[in-house]
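Here is run-v4.txt, consisting of compact mmCIF, C-alpha atoms and all ligand atoms:
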```
# COMPACT_ATOMS: atom_id res chain seq x y z
CA MET A 1 -9.91 41.03 -46.57
CA ALA A 2 -12.91 40.31 -44.34
CA ALA A 3 -13.30 42.36 -41.18
CA TYR A 4 -11.89 40.81 -38.03
CA ALA A 5 -15.22 39.23 -37.06
CA GLU A 6 -16.07 35.54 -36.70
CA PRO A 7 -12.90 33.45 -36.21
CA GLY A 8 -12.65 30.21 -38.14
CA PHE A 9 -13.57 26.74 -36.90
CA SER A 10 -10.02 25.78 -35.91
CA THR A 11 -9.57 28.98 -34.00
CA ARG A 12 -12.89 28.65 -32.19
CA GLN A 13 -12.22 25.05 -31.20
CA VAL A 14 -9.32 26.19 -29.05
CA HIS A 15 -10.41 29.69 -27.99
CA ALA A 16 -14.21 29.82 -27.74
CA GLY A 17 -15.57 29.63 -24.20
CA SER A 18 -12.18 29.80 -22.54
CA ALA A 19 -12.72 33.09 -20.72
CA THR A 20 -12.89 32.26 -17.04
CA ALA A 21 -15.84 33.55 -15.08
CA PRO A 22 -14.89 35.45 -11.96
CA ALA A 23 -15.88 33.35 -8.95
CA THR A 24 -14.39 32.42 -5.61
CA PRO A 25 -14.64 28.66 -5.13
CA ARG A 26 -14.45 27.37 -1.56
CA ALA A 27 -12.59 24.17 -2.52
CA THR A 28 -9.18 24.66 -4.15
CA PRO A 29 -9.77 24.44 -7.91
CA ILE A 30 -7.74 22.06 -10.03
CA TYR A 31 -5.61 24.31 -12.22
CA LEU A 32 -4.99 21.61 -14.79
CA THR A 33 -2.94 23.75 -17.13
CA ALA A 34 0.59 23.59 -18.45
CA GLY A 35 1.04 27.34 -18.13
CA PHE A 36 -0.48 30.72 -17.32
CA THR A 37 -1.07 33.84 -19.36
CA PHE A 38 1.08 36.90 -18.69
CA GLY A 39 -0.70 40.22 -18.25
CA ASP A 40 1.97 42.16 -20.10
CA LEU A 41 5.65 42.06 -21.05
CA ASP A 42 6.79 43.43 -17.71
CA ALA A 43 4.88 40.67 -15.90
CA SER A 44 6.58 37.97 -17.99
CA ALA A 45 9.98 39.58 -17.45
CA ALA A 46 9.35 39.83 -13.71
CA HIS A 47 8.29 36.19 -13.61
CA PHE A 48 11.50 35.05 -15.30
CA GLY A 49 13.60 37.46 -13.24
CA THR A 50 12.25 36.95 -9.74
CA GLY A 51 9.81 34.04 -9.99
CA SER A 52 6.84 36.27 -9.18
CA GLY A 53 3.40 35.03 -10.20
CA PHE A 54 2.76 31.85 -12.18
CA GLY A 55 4.28 31.05 -15.56
CA TYR A 56 4.58 27.32 -16.14
CA THR A 57 3.27 24.46 -13.99
CA ARG A 58 6.67 22.82 -13.52
CA THR A 59 7.81 25.92 -11.61
CA GLY A 60 4.54 26.74 -9.87
CA ASN A 61 0.80 26.11 -9.95
CA PRO A 62 -1.95 27.45 -7.65
CA THR A 63 -3.38 24.00 -6.82
CA VAL A 64 0.09 22.71 -6.03
CA GLN A 65 0.95 25.82 -4.05
CA ALA A 66 -2.16 25.47 -1.88
CA VAL A 67 -1.04 21.97 -0.84
CA GLU A 68 2.54 23.16 -0.28
CA GLU A 69 1.39 25.93 2.04
CA ARG A 70 -0.81 23.52 3.96
CA LEU A 71 2.04 21.05 4.44
CA ALA A 72 4.59 23.72 5.40
CA SER A 73 2.15 24.89 8.05
CA LEU A 74 1.37 21.41 9.39
CA GLU A 75 5.08 20.53 9.60
CA GLY A 76 5.99 23.79 11.29
CA GLY A 77 8.38 24.42 8.38
CA ASP A 78 9.14 27.47 6.29
CA GLN A 79 8.31 26.19 2.81
CA ALA A 80 7.29 22.99 1.11
CA VAL A 81 7.85 21.75 -2.44
CA LEU A 82 5.42 19.17 -3.78
CA VAL A 83 6.78 16.62 -6.27
CA SER A 84 5.45 13.62 -8.15
CA SER A 85 6.35 10.82 -5.68
CA GLY A 86 8.02 10.13 -2.37
CA GLN A 87 10.99 8.72 -4.23
CA ALA A 88 11.29 12.04 -6.10
CA ALA A 89 11.13 13.92 -2.78
CA VAL A 90 14.05 11.92 -1.37
CA THR A 91 16.04 12.36 -4.59
CA VAL A 92 15.44 16.12 -4.75
CA ALA A 93 16.29 16.59 -1.07
CA LEU A 94 19.58 14.72 -1.39
CA LEU A 95 20.58 16.32 -4.70
CA ALA A 96 19.96 19.74 -3.14
CA LEU A 97 22.65 18.97 -0.57
CA ALA A 98 25.18 16.60 -2.12
CA GLY A 99 27.09 16.37 -5.40
CA ALA A 100 30.01 14.46 -6.87
CA GLY A 101 32.69 13.77 -4.26
CA ASP A 102 30.27 14.29 -1.39
CA HIS A 103 29.13 11.94 1.33
CA VAL A 104 25.94 11.25 3.25
CA ILE A 105 25.32 9.29 6.45
CA VAL A 106 22.16 7.23 6.40
CA SER A 107 20.28 5.00 8.82
CA GLU A 108 20.58 1.35 7.78
CA HIS A 109 16.86 0.83 8.39
CA ILE A 110 15.34 2.75 5.53
CA TYR A 111 12.85 2.25 2.76
CA GLU A 112 14.28 -0.07 0.13
CA GLY A 113 13.72 2.44 -2.70
CA THR A 114 15.87 4.99 -0.87
CA ARG A 115 18.53 2.40 -0.11
CA GLY A 116 18.64 1.41 -3.77
CA LEU A 117 18.79 5.07 -4.83
CA LEU A 118 21.90 5.54 -2.70
CA LEU A 119 23.58 2.23 -3.53
CA ASP A 120 22.83 2.03 -7.25
CA ASN A 121 22.11 5.54 -8.53
CA LEU A 122 23.59 8.33 -6.41
CA VAL A 123 26.84 6.40 -6.12
CA ARG A 124 27.16 6.71 -9.93
CA LEU A 125 26.93 10.49 -9.52
CA GLY A 126 29.82 10.31 -7.06
CA ILE A 127 27.78 10.54 -3.85
CA GLU A 128 29.01 8.04 -1.26
CA THR A 129 26.89 6.67 1.58
CA THR A 130 27.85 5.35 5.00
CA PHE A 131 25.06 3.33 6.61
CA VAL A 132 24.85 3.42 10.40
CA ASP A 133 22.79 1.80 13.15
CA THR A 134 20.10 4.44 13.72
CA SER A 135 20.22 4.29 17.51
CA ASP A 136 24.03 4.39 17.80
CA LEU A 137 24.74 8.11 18.26
CA ASP A 138 28.51 7.57 18.22
CA ALA A 139 28.23 5.85 14.85
CA TRP A 140 26.66 8.99 13.35
CA ARG A 141 29.39 11.17 14.85
CA ASP A 142 32.26 8.85 13.88
CA ALA A 143 31.13 8.62 10.25
CA ILE A 144 31.37 12.39 9.64
CA THR A 145 33.99 13.49 7.10
CA PRO A 146 34.81 16.94 5.69
CA ARG A 147 32.64 15.97 2.67
CA THR A 148 29.56 14.90 4.65
CA ARG A 149 26.56 16.87 3.41
CA ALA A 150 23.58 15.26 5.13
CA PHE A 151 22.26 12.84 7.73
CA PHE A 152 19.24 10.88 6.54
CA ALA A 153 16.84 8.68 8.51
CA GLU A 154 13.18 7.73 8.89
CA THR A 155 11.06 8.59 11.93
CA LEU A 156 9.86 5.03 12.44
CA SER A 157 11.93 2.25 10.92
CA ASN A 158 10.47 -0.48 8.79
CA ALA A 159 10.35 -3.23 10.05
CA ARG A 160 11.50 -2.91 13.67
CA ASN A 161 9.45 0.22 14.42
CA ASP A 162 12.47 1.88 16.04
CA VAL A 163 11.94 5.55 16.84
CA LEU A 164 14.38 8.12 15.49
CA ASP A 165 15.83 10.28 18.25
CA VAL A 166 15.47 13.39 16.10
CA ALA A 167 16.73 15.83 18.73
CA ALA A 168 19.89 13.86 19.55
CA ILE A 169 20.89 13.11 15.95
CA SER A 170 20.10 16.58 14.62
CA ALA A 171 22.18 18.06 17.46
CA ILE A 172 25.21 16.02 16.39
CA GLY A 173 24.74 17.20 12.81
CA ARG A 174 24.35 20.81 13.86
CA GLU A 175 27.73 20.78 15.66
CA HIS A 176 29.27 20.12 12.23
CA GLY A 177 26.95 22.19 10.04
CA ILE A 178 25.28 19.03 8.68
CA PRO A 179 21.48 19.05 8.22
CA LEU A 180 19.31 16.11 9.26
CA VAL A 181 16.88 15.06 6.54
CA VAL A 182 14.00 13.02 7.94
CA ASP A 183 11.63 10.80 5.98
CA SER A 184 8.51 11.22 8.10
CA THR A 185 6.15 9.18 5.93
CA PHE A 186 5.24 6.71 8.71
CA THR A 187 4.38 9.35 11.29
CA THR A 188 2.89 12.28 9.32
CA PRO A 189 2.95 15.79 10.84
CA TYR A 190 -0.01 14.79 13.00
CA LEU A 191 2.12 12.40 15.06
CA LEU A 192 5.56 14.00 14.78
CA ARG A 193 6.99 17.25 13.44
CA PRO A 194 10.74 16.64 13.15
CA ILE A 195 11.55 20.30 12.46
CA GLU A 196 10.36 21.15 16.00
CA HIS A 197 13.02 18.72 17.27
CA GLY A 198 15.86 20.12 15.18
CA ALA A 199 15.58 18.41 11.78
CA ALA A 200 16.38 20.70 8.84
CA VAL A 201 14.42 19.01 6.07
CA VAL A 202 11.41 16.69 6.17
CA VAL A 203 10.32 14.51 3.25
CA HIS A 204 7.20 12.41 2.81
CA SER A 205 5.76 9.97 0.41
CA ALA A 206 2.42 11.77 0.07
CA SER A 207 1.15 8.62 -1.65
CA LYS A 208 0.69 7.12 1.81
CA PHE A 209 -1.04 8.78 4.79
CA LEU A 210 -1.15 12.33 3.37
CA ALA A 211 -3.30 11.34 0.38
CA GLY A 212 -4.73 8.47 2.41
CA GLN A 213 -7.09 7.16 -0.24
CA GLY A 214 -4.45 5.20 -2.15
CA ALA A 215 -5.38 6.75 -5.49
CA VAL A 216 -2.34 8.89 -6.34
CA LEU A 217 1.40 9.23 -5.85
CA GLY A 218 3.09 12.32 -4.54
CA GLY A 219 5.96 13.52 -2.42
CA VAL A 220 6.92 16.61 -0.50
CA ILE A 221 10.09 18.27 0.76
CA VAL A 222 9.67 20.70 3.66
CA ASP A 223 12.56 22.99 4.56
CA ASP A 224 12.89 24.55 8.01
CA GLY A 225 14.09 27.96 6.76
CA ARG A 226 16.98 27.93 9.25
CA PHE A 227 19.95 27.70 6.87
CA ASP A 228 22.93 29.26 8.63
CA ALA A 229 25.51 30.36 6.06
CA ALA A 230 28.12 31.11 8.73
CA ALA A 231 27.83 27.70 10.37
CA SER A 232 27.44 25.49 7.32
CA GLY A 233 28.28 27.54 4.22
CA HIS A 234 31.61 25.69 3.95
CA ARG A 235 29.67 22.46 3.33
CA PHE A 236 27.30 24.02 0.79
CA PRO A 237 29.30 26.20 -1.61
CA HIS A 238 26.42 26.08 -4.11
CA LEU A 239 24.32 28.05 -1.63
CA VAL A 240 26.88 30.69 -0.67
CA GLN A 241 28.85 31.30 -3.87
CA THR A 242 27.84 33.72 -6.62
CA ASP A 243 25.70 32.18 -9.31
CA ARG A 244 26.91 31.10 -12.79
CA LEU A 245 26.46 34.66 -14.12
CA GLY A 246 28.25 36.26 -11.20
CA GLY A 247 25.03 37.33 -9.48
CA ALA A 248 24.05 37.10 -5.81
CA SER A 249 24.24 33.70 -4.11
CA PHE A 250 21.17 31.91 -2.78
CA ALA A 251 22.26 32.85 0.74
CA GLU A 252 22.57 36.52 -0.22
CA LYS A 253 19.19 36.51 -1.93
CA HIS A 254 17.26 34.34 0.50
CA GLY A 255 19.15 34.33 3.81
CA ALA A 256 17.96 31.51 6.08
CA ARG A 257 15.57 30.36 3.33
CA ALA A 258 18.47 29.66 0.92
CA ARG A 259 18.24 25.87 1.02
CA GLY A 260 14.46 25.88 0.51
CA ALA A 261 14.81 28.36 -2.34
CA TYR A 262 17.49 26.19 -3.98
CA ILE A 263 15.20 23.16 -3.77
CA ARG A 264 12.27 25.12 -5.25
CA GLU A 265 14.06 27.17 -7.89
CA SER A 266 16.89 24.92 -8.97
CA VAL A 267 16.71 21.22 -8.12
CA ALA A 268 13.00 20.38 -8.34
CA PRO A 269 12.21 22.23 -11.59
CA ARG A 270 15.45 21.20 -13.30
CA PHE A 271 15.33 17.49 -12.49
CA GLY A 272 11.65 17.94 -13.21
CA PRO A 273 9.45 15.65 -11.07
CA ALA A 274 6.55 18.11 -11.17
CA PRO A 275 3.31 16.86 -9.62
CA SER A 276 0.12 16.81 -11.65
CA PRO A 277 -2.27 19.50 -10.36
CA LEU A 278 -4.94 16.78 -10.32
CA ASN A 279 -2.84 14.66 -7.98
CA ALA A 280 -2.04 17.72 -5.89
CA PHE A 281 -5.78 18.34 -5.54
CA LEU A 282 -6.37 14.78 -4.32
CA ILE A 283 -3.48 15.03 -1.85
CA GLY A 284 -4.91 18.32 -0.58
CA GLN A 285 -8.31 16.67 -0.13
CA GLY A 286 -6.68 13.83 1.77
CA ILE A 287 -4.82 16.12 4.12
CA GLU A 288 -8.11 17.70 5.21
CA THR A 289 -8.92 14.49 7.14
CA LEU A 290 -5.36 13.52 8.13
CA SER A 291 -5.76 13.91 11.89
CA LEU A 292 -8.99 11.90 11.97
CA ARG A 293 -7.56 9.06 9.94
CA VAL A 294 -4.22 8.83 11.72
CA GLU A 295 -5.87 9.01 15.13
CA ARG A 296 -8.23 6.13 14.24
CA GLN A 297 -5.47 4.16 12.49
CA SER A 298 -3.22 4.48 15.54
CA GLN A 299 -6.02 3.36 17.88
CA ASN A 300 -6.84 0.42 15.63
CA ALA A 301 -3.17 -0.51 15.23
CA LEU A 302 -2.61 -0.53 18.98
CA ALA A 303 -5.65 -2.76 19.46
CA VAL A 304 -4.50 -5.14 16.71
CA ALA A 305 -0.94 -5.21 18.07
CA ARG A 306 -2.17 -6.04 21.59
CA TRP A 307 -4.49 -8.72 20.27
CA LEU A 308 -1.74 -10.29 18.17
CA GLU A 309 0.79 -10.17 20.99
CA ALA A 310 -1.53 -12.38 23.07
CA ARG A 311 -2.03 -14.98 20.33
CA PRO A 312 -0.26 -18.35 20.59
CA GLU A 313 0.59 -18.30 16.83
CA VAL A 314 2.64 -15.13 17.30
CA GLU A 315 6.32 -14.99 18.24
CA ARG A 316 6.75 -11.22 18.37
CA VAL A 317 5.03 -7.98 17.51
CA ASP A 318 7.24 -4.99 16.71
CA TYR A 319 4.93 -2.08 17.42
CA VAL A 320 6.35 0.86 19.32
CA GLY A 321 3.01 1.50 21.02
CA LEU A 322 3.45 -1.75 22.98
CA GLU A 323 5.15 -1.68 26.37
CA SER A 324 7.23 -4.67 25.22
CA HIS A 325 8.93 -2.64 22.46
CA PRO A 326 12.52 -1.56 23.29
CA HIS A 327 11.74 2.01 22.12
CA PHE A 328 8.43 2.30 23.98
CA ALA A 329 9.71 5.09 26.26
CA LEU A 330 11.30 7.02 23.36
CA GLY A 331 8.06 6.55 21.45
CA GLN A 332 6.01 7.98 24.29
CA ARG A 333 8.28 11.03 24.26
CA TYR A 334 8.02 11.73 20.53
CA LEU A 335 4.69 10.20 19.55
CA THR A 336 2.26 11.66 22.02
CA ARG A 337 -0.85 11.28 19.83
CA GLY A 338 -0.39 7.67 18.78
CA SER A 339 2.21 5.33 17.36
CA GLY A 340 1.09 5.09 13.76
CA SER A 341 -0.45 2.19 11.93
CA VAL A 342 2.43 0.29 10.31
CA PHE A 343 4.15 -2.55 12.14
CA THR A 344 5.29 -6.14 11.79
CA VAL A 345 4.23 -9.36 13.42
CA THR A 346 6.34 -12.50 13.28
CA LEU A 347 4.57 -15.85 13.28
CA ARG A 348 6.01 -18.92 14.97
CA GLY A 349 5.16 -21.03 11.93
CA GLY A 350 7.70 -19.23 9.69
CA LEU A 351 7.30 -18.75 5.95
CA GLU A 352 4.38 -21.17 5.54
CA ALA A 353 2.42 -19.49 8.33
CA ALA A 354 3.06 -16.07 6.73
CA ARG A 355 2.01 -17.43 3.33
CA HIS A 356 -1.18 -18.80 4.85
CA VAL A 357 -2.11 -15.49 6.49
CA VAL A 358 -1.44 -13.20 3.50
CA GLN A 359 -3.42 -15.58 1.29
CA SER A 360 -6.29 -16.04 3.75
CA VAL A 361 -7.15 -12.48 4.69
CA ARG A 362 -10.41 -11.23 3.16
CA LEU A 363 -10.95 -7.73 4.50
CA ILE A 364 -7.24 -6.89 4.67
CA THR A 365 -5.69 -6.34 1.23
CA HIS A 366 -2.48 -8.11 0.19
CA MET A 367 -0.49 -5.34 -1.54
CA THR A 368 2.63 -3.17 -1.35
CA HIS A 369 1.40 0.12 0.00
CA LEU A 370 0.81 1.65 3.42
CA GLY A 371 -1.01 4.46 5.15
CA ASP A 372 -4.22 3.70 3.28
CA VAL A 373 -7.71 3.98 4.81
CA ARG A 374 -7.90 0.23 4.10
CA SER A 375 -5.90 -2.32 6.11
CA LEU A 376 -3.06 -3.87 4.10
CA VAL A 377 -0.62 -6.76 4.53
CA LEU A 378 2.70 -7.68 2.90
CA HIS A 379 5.41 -10.32 3.41
CA PRO A 380 8.67 -8.28 3.66
CA GLN A 381 11.19 -11.12 3.31
CA SER A 382 10.00 -12.00 -0.18
CA THR A 383 9.16 -8.43 -1.27
CA SER A 384 10.41 -5.15 0.25
CA HIS A 385 13.43 -6.75 1.92
CA SER A 386 14.29 -9.40 -0.69
CA ALA A 387 17.42 -7.53 -1.82
CA ARG A 388 19.01 -7.84 1.62
CA THR A 389 21.13 -10.58 3.12
CA VAL A 390 19.65 -12.82 5.81
CA GLU A 391 21.79 -11.05 8.39
CA GLU A 392 20.66 -7.60 7.24
CA ARG A 393 17.05 -8.75 7.30
CA GLU A 394 17.34 -10.11 10.81
CA ARG A 395 18.88 -6.84 11.99
CA ALA A 396 15.88 -5.08 10.46
CA GLY A 397 13.50 -7.44 12.24
CA VAL A 398 12.48 -9.33 9.10
CA PHE A 399 12.22 -13.13 9.45
CA PRO A 400 10.57 -15.73 7.20
CA GLY A 401 7.44 -15.61 9.37
CA THR A 402 7.22 -11.80 9.48
CA ILE A 403 4.28 -9.98 7.93
CA ARG A 404 3.83 -6.23 7.77
CA LEU A 405 0.48 -4.70 8.53
CA SER A 406 -0.75 -1.20 7.73
CA ILE A 407 -3.93 -0.84 9.70
CA GLY A 408 -6.78 1.19 8.23
CA ILE A 409 -9.83 2.95 9.58
CA GLU A 410 -12.27 0.02 9.43
CA ASP A 411 -14.23 -1.12 12.51
CA ILE A 412 -11.74 -2.79 14.80
CA ALA A 413 -14.00 -5.83 15.33
CA ASP A 414 -13.93 -6.56 11.61
CA ILE A 415 -10.13 -6.29 11.37
CA LEU A 416 -9.68 -8.65 14.31
CA ALA A 417 -12.26 -11.08 12.93
CA ASP A 418 -10.39 -11.18 9.63
CA LEU A 419 -7.07 -11.87 11.33
CA GLU A 420 -8.72 -14.51 13.53
CA GLN A 421 -10.04 -16.44 10.55
CA ALA A 422 -6.71 -16.02 8.70
CA LEU A 423 -4.86 -17.56 11.65
CA VAL A 424 -6.95 -20.72 11.61
CA GLY A 425 -4.60 -23.60 10.84
CA VAL A 426 -1.42 -21.64 11.63
CA PRO A 427 0.91 -23.46 14.07
CA ALA A 428 0.65 -22.23 17.63
CA ALA A 429 2.85 -22.52 20.70
CA GLU A 430 1.97 -24.96 23.44
CA ARG A 431 -0.32 -23.27 25.89
CA GLU A 432 1.71 -22.19 28.87
CA THR A 433 0.28 -22.78 32.32
CA VAL A 434 -1.00 -19.47 33.53
CA VAL A 435 -0.16 -18.86 37.16
CA LEU A 436 -2.64 -16.48 38.72
C1 LIG B 1 6.59 4.69 -0.02
C2 LIG B 1 7.75 5.31 0.64
C3 LIG B 1 8.67 6.08 -0.08
C4 LIG B 1 8.57 6.26 -1.57
O1 LIG B 1 7.42 6.96 -1.89
P1 LIG B 1 6.65 6.82 -3.30
O2 LIG B 1 5.56 7.80 -3.17
O3 LIG B 1 6.18 5.40 -3.39
O4 LIG B 1 7.63 7.15 -4.37
C5 LIG B 1 9.71 6.65 0.61
N1 LIG B 1 9.87 6.48 1.94
C6 LIG B 1 9.00 5.74 2.66
C7 LIG B 1 9.21 5.58 4.12
C8 LIG B 1 7.92 5.12 2.05
O5 LIG B 1 7.07 4.39 2.75
```
Translate this structure into structure tokens?
Amino acid sequence: MAAYAEPGFSTRQVHAGSATAPATPRATPIYLTAGFTFGDLDASAAHFGTGSGFGYTRTGNPTVQAVEERLASLEGGDQAVLVSSGQAAVTVALLALAGAGDHVIVSEHIYEGTRGLLLDNLVRLGIETTFVDTSDLDAWRDAITPRTRAFFAETLSNARNDVLDVAAISAIGREHGIPLVVDSTFTTPYLLRPIEHGAAVVVHSASKFLAGQGAVLGGVIVDDGRFDAAASGHRFPHLVQTDRLGGASFAEKHGARARGAYIRESVAPRFGPAPSPLNAFLIGQGIETLSLRVERQSQNALAVARWLEARPEVERVDYVGLESHPHFALGQRYLTRGSGSVFTVTLRGGLEAARHVVQSVRLITHMTHLGDVRSLVLHPQSTSHSARTVEERERAGVFPGTIRLSIGIEDIADILADLEQALVGVPAAERETVVL
């Protein structure tokens, strides 16, 4: 036998040059690796026993963890779990709370993907949903049953731009031990931190404002770390009962962090929507400029909304930053730094006017996305809201002539100029006599 000297070609092609040089990079490195080496047997046993250190990227990764810690901090939460999409974040949050035979109460004005998840998918797992009018506090209260496991709503509704009264709705839930889960995608932690107002769990599509550049998908679940086993353990037996092997319950092991720990240790890694460390890196990069982008986007959106509201081609603008919006006062209370960048405008000329505008814009991109640095437009009736009845659409503020805008960070003059040229040829109202 030859001495243990020069390894063979096949060995060198996978091992040579893989020793990492010790260095302390300023930017978070992309740990693009399926797993991590264990120092010794005790370290691997400890990892499997208590979750200490890193073992496998589906259960933890340093690039992912850096983004999670940043988001938990920005939301004022206890811990965050990053997943592969916003849809995965909603799914994980709901599956952490509800199971077969359980019930959730959900705002009727929610993202169509979430509505479909509840109506088509979770119902097959035995989870029933009652949809309620978001602003009707009695409707939330009246829908509660002994099997209700969560309230779910979005901070700003699409398309009417209604503001969620987080404090009022979470207070109703708390009386019954029911957590409020808030999809805060439209507002981001820069504009609103629902946990500070009593929400228990916040979810985001990180594909939108958090990443900001429109290059990747991601989602996050942020838990408040305020699980109260005495007040709500009866609704969440999976958090307070001994585990399958008779060991300590999540509540015994983690106290007020039990729900967050269950999301991180059980639901997310088992259902498996792990984020790519590369995508996590890009989301982390995006978050570094979140405040600057959202501030500019909100300023631009307000300017566009005001400009549109004064145009004769426009019937209504549903932007909560406008004094004419029914939730303006509520918006001023919750959204002190700006009202976000996503809103709808309804044209007097109906479907053909909407068709003309989405096909005539040049700077603004016609696509289904939002929260991008670029301004975007979409026609909800024929796309995001096409699975709803006419009556449901009208309640949501979606008419044939409605278009949804997501305003970006471009120069405001250029956005307005694009809309101005896109409105050429669109039917306008008779000019009213202005009395001065
Ligand atoms: C986009 C979006 C989602 C879904 O997120 P994905 O990242 O596309 O899976 C959920 N909720 C809201 C409010 C969204 O805008």
For this session: Could you please extract the residues within 7 Å of ligand LIG 1 (chain B), counting all atoms listed in the file, and hand them back as a ChimeraX atom specification?
Result: /A:85-88,110-111,113-114,154,183-186,204-208,217-219,369-370
For this session: Pick out the residues sitting within 10 Å of A:Gly284, and hand them over as number ranges by chain; count all atoms listed in the file, and ignore anything fewer than 4 positions along from it in its own chain.
Result: A: 27-28, 63-64, 66-68, 70-71, 206, 210-211, 278-280, 288-290
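Of note, atom CA of A:Leu74 and atom CA of A:Ser339 are spaced 18.0 Å apart.
Note that atom CA of A:Leu282 and atom CA of A:Arg26 are 15.2 Å apart.
The two atoms in question, atom CA of A:Glu196 and atom CA of A:His234, are spaced 24.8 Å apart.
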Exercise. What's the 12 Å shell around A:Ala168, counting only C-alpha atoms, without same-chain residues fewer than 5 positions away, as a ChimeraX atom specification?
Worked result: /A:134-138,140-141,163,173-175,180,194,197-199,330
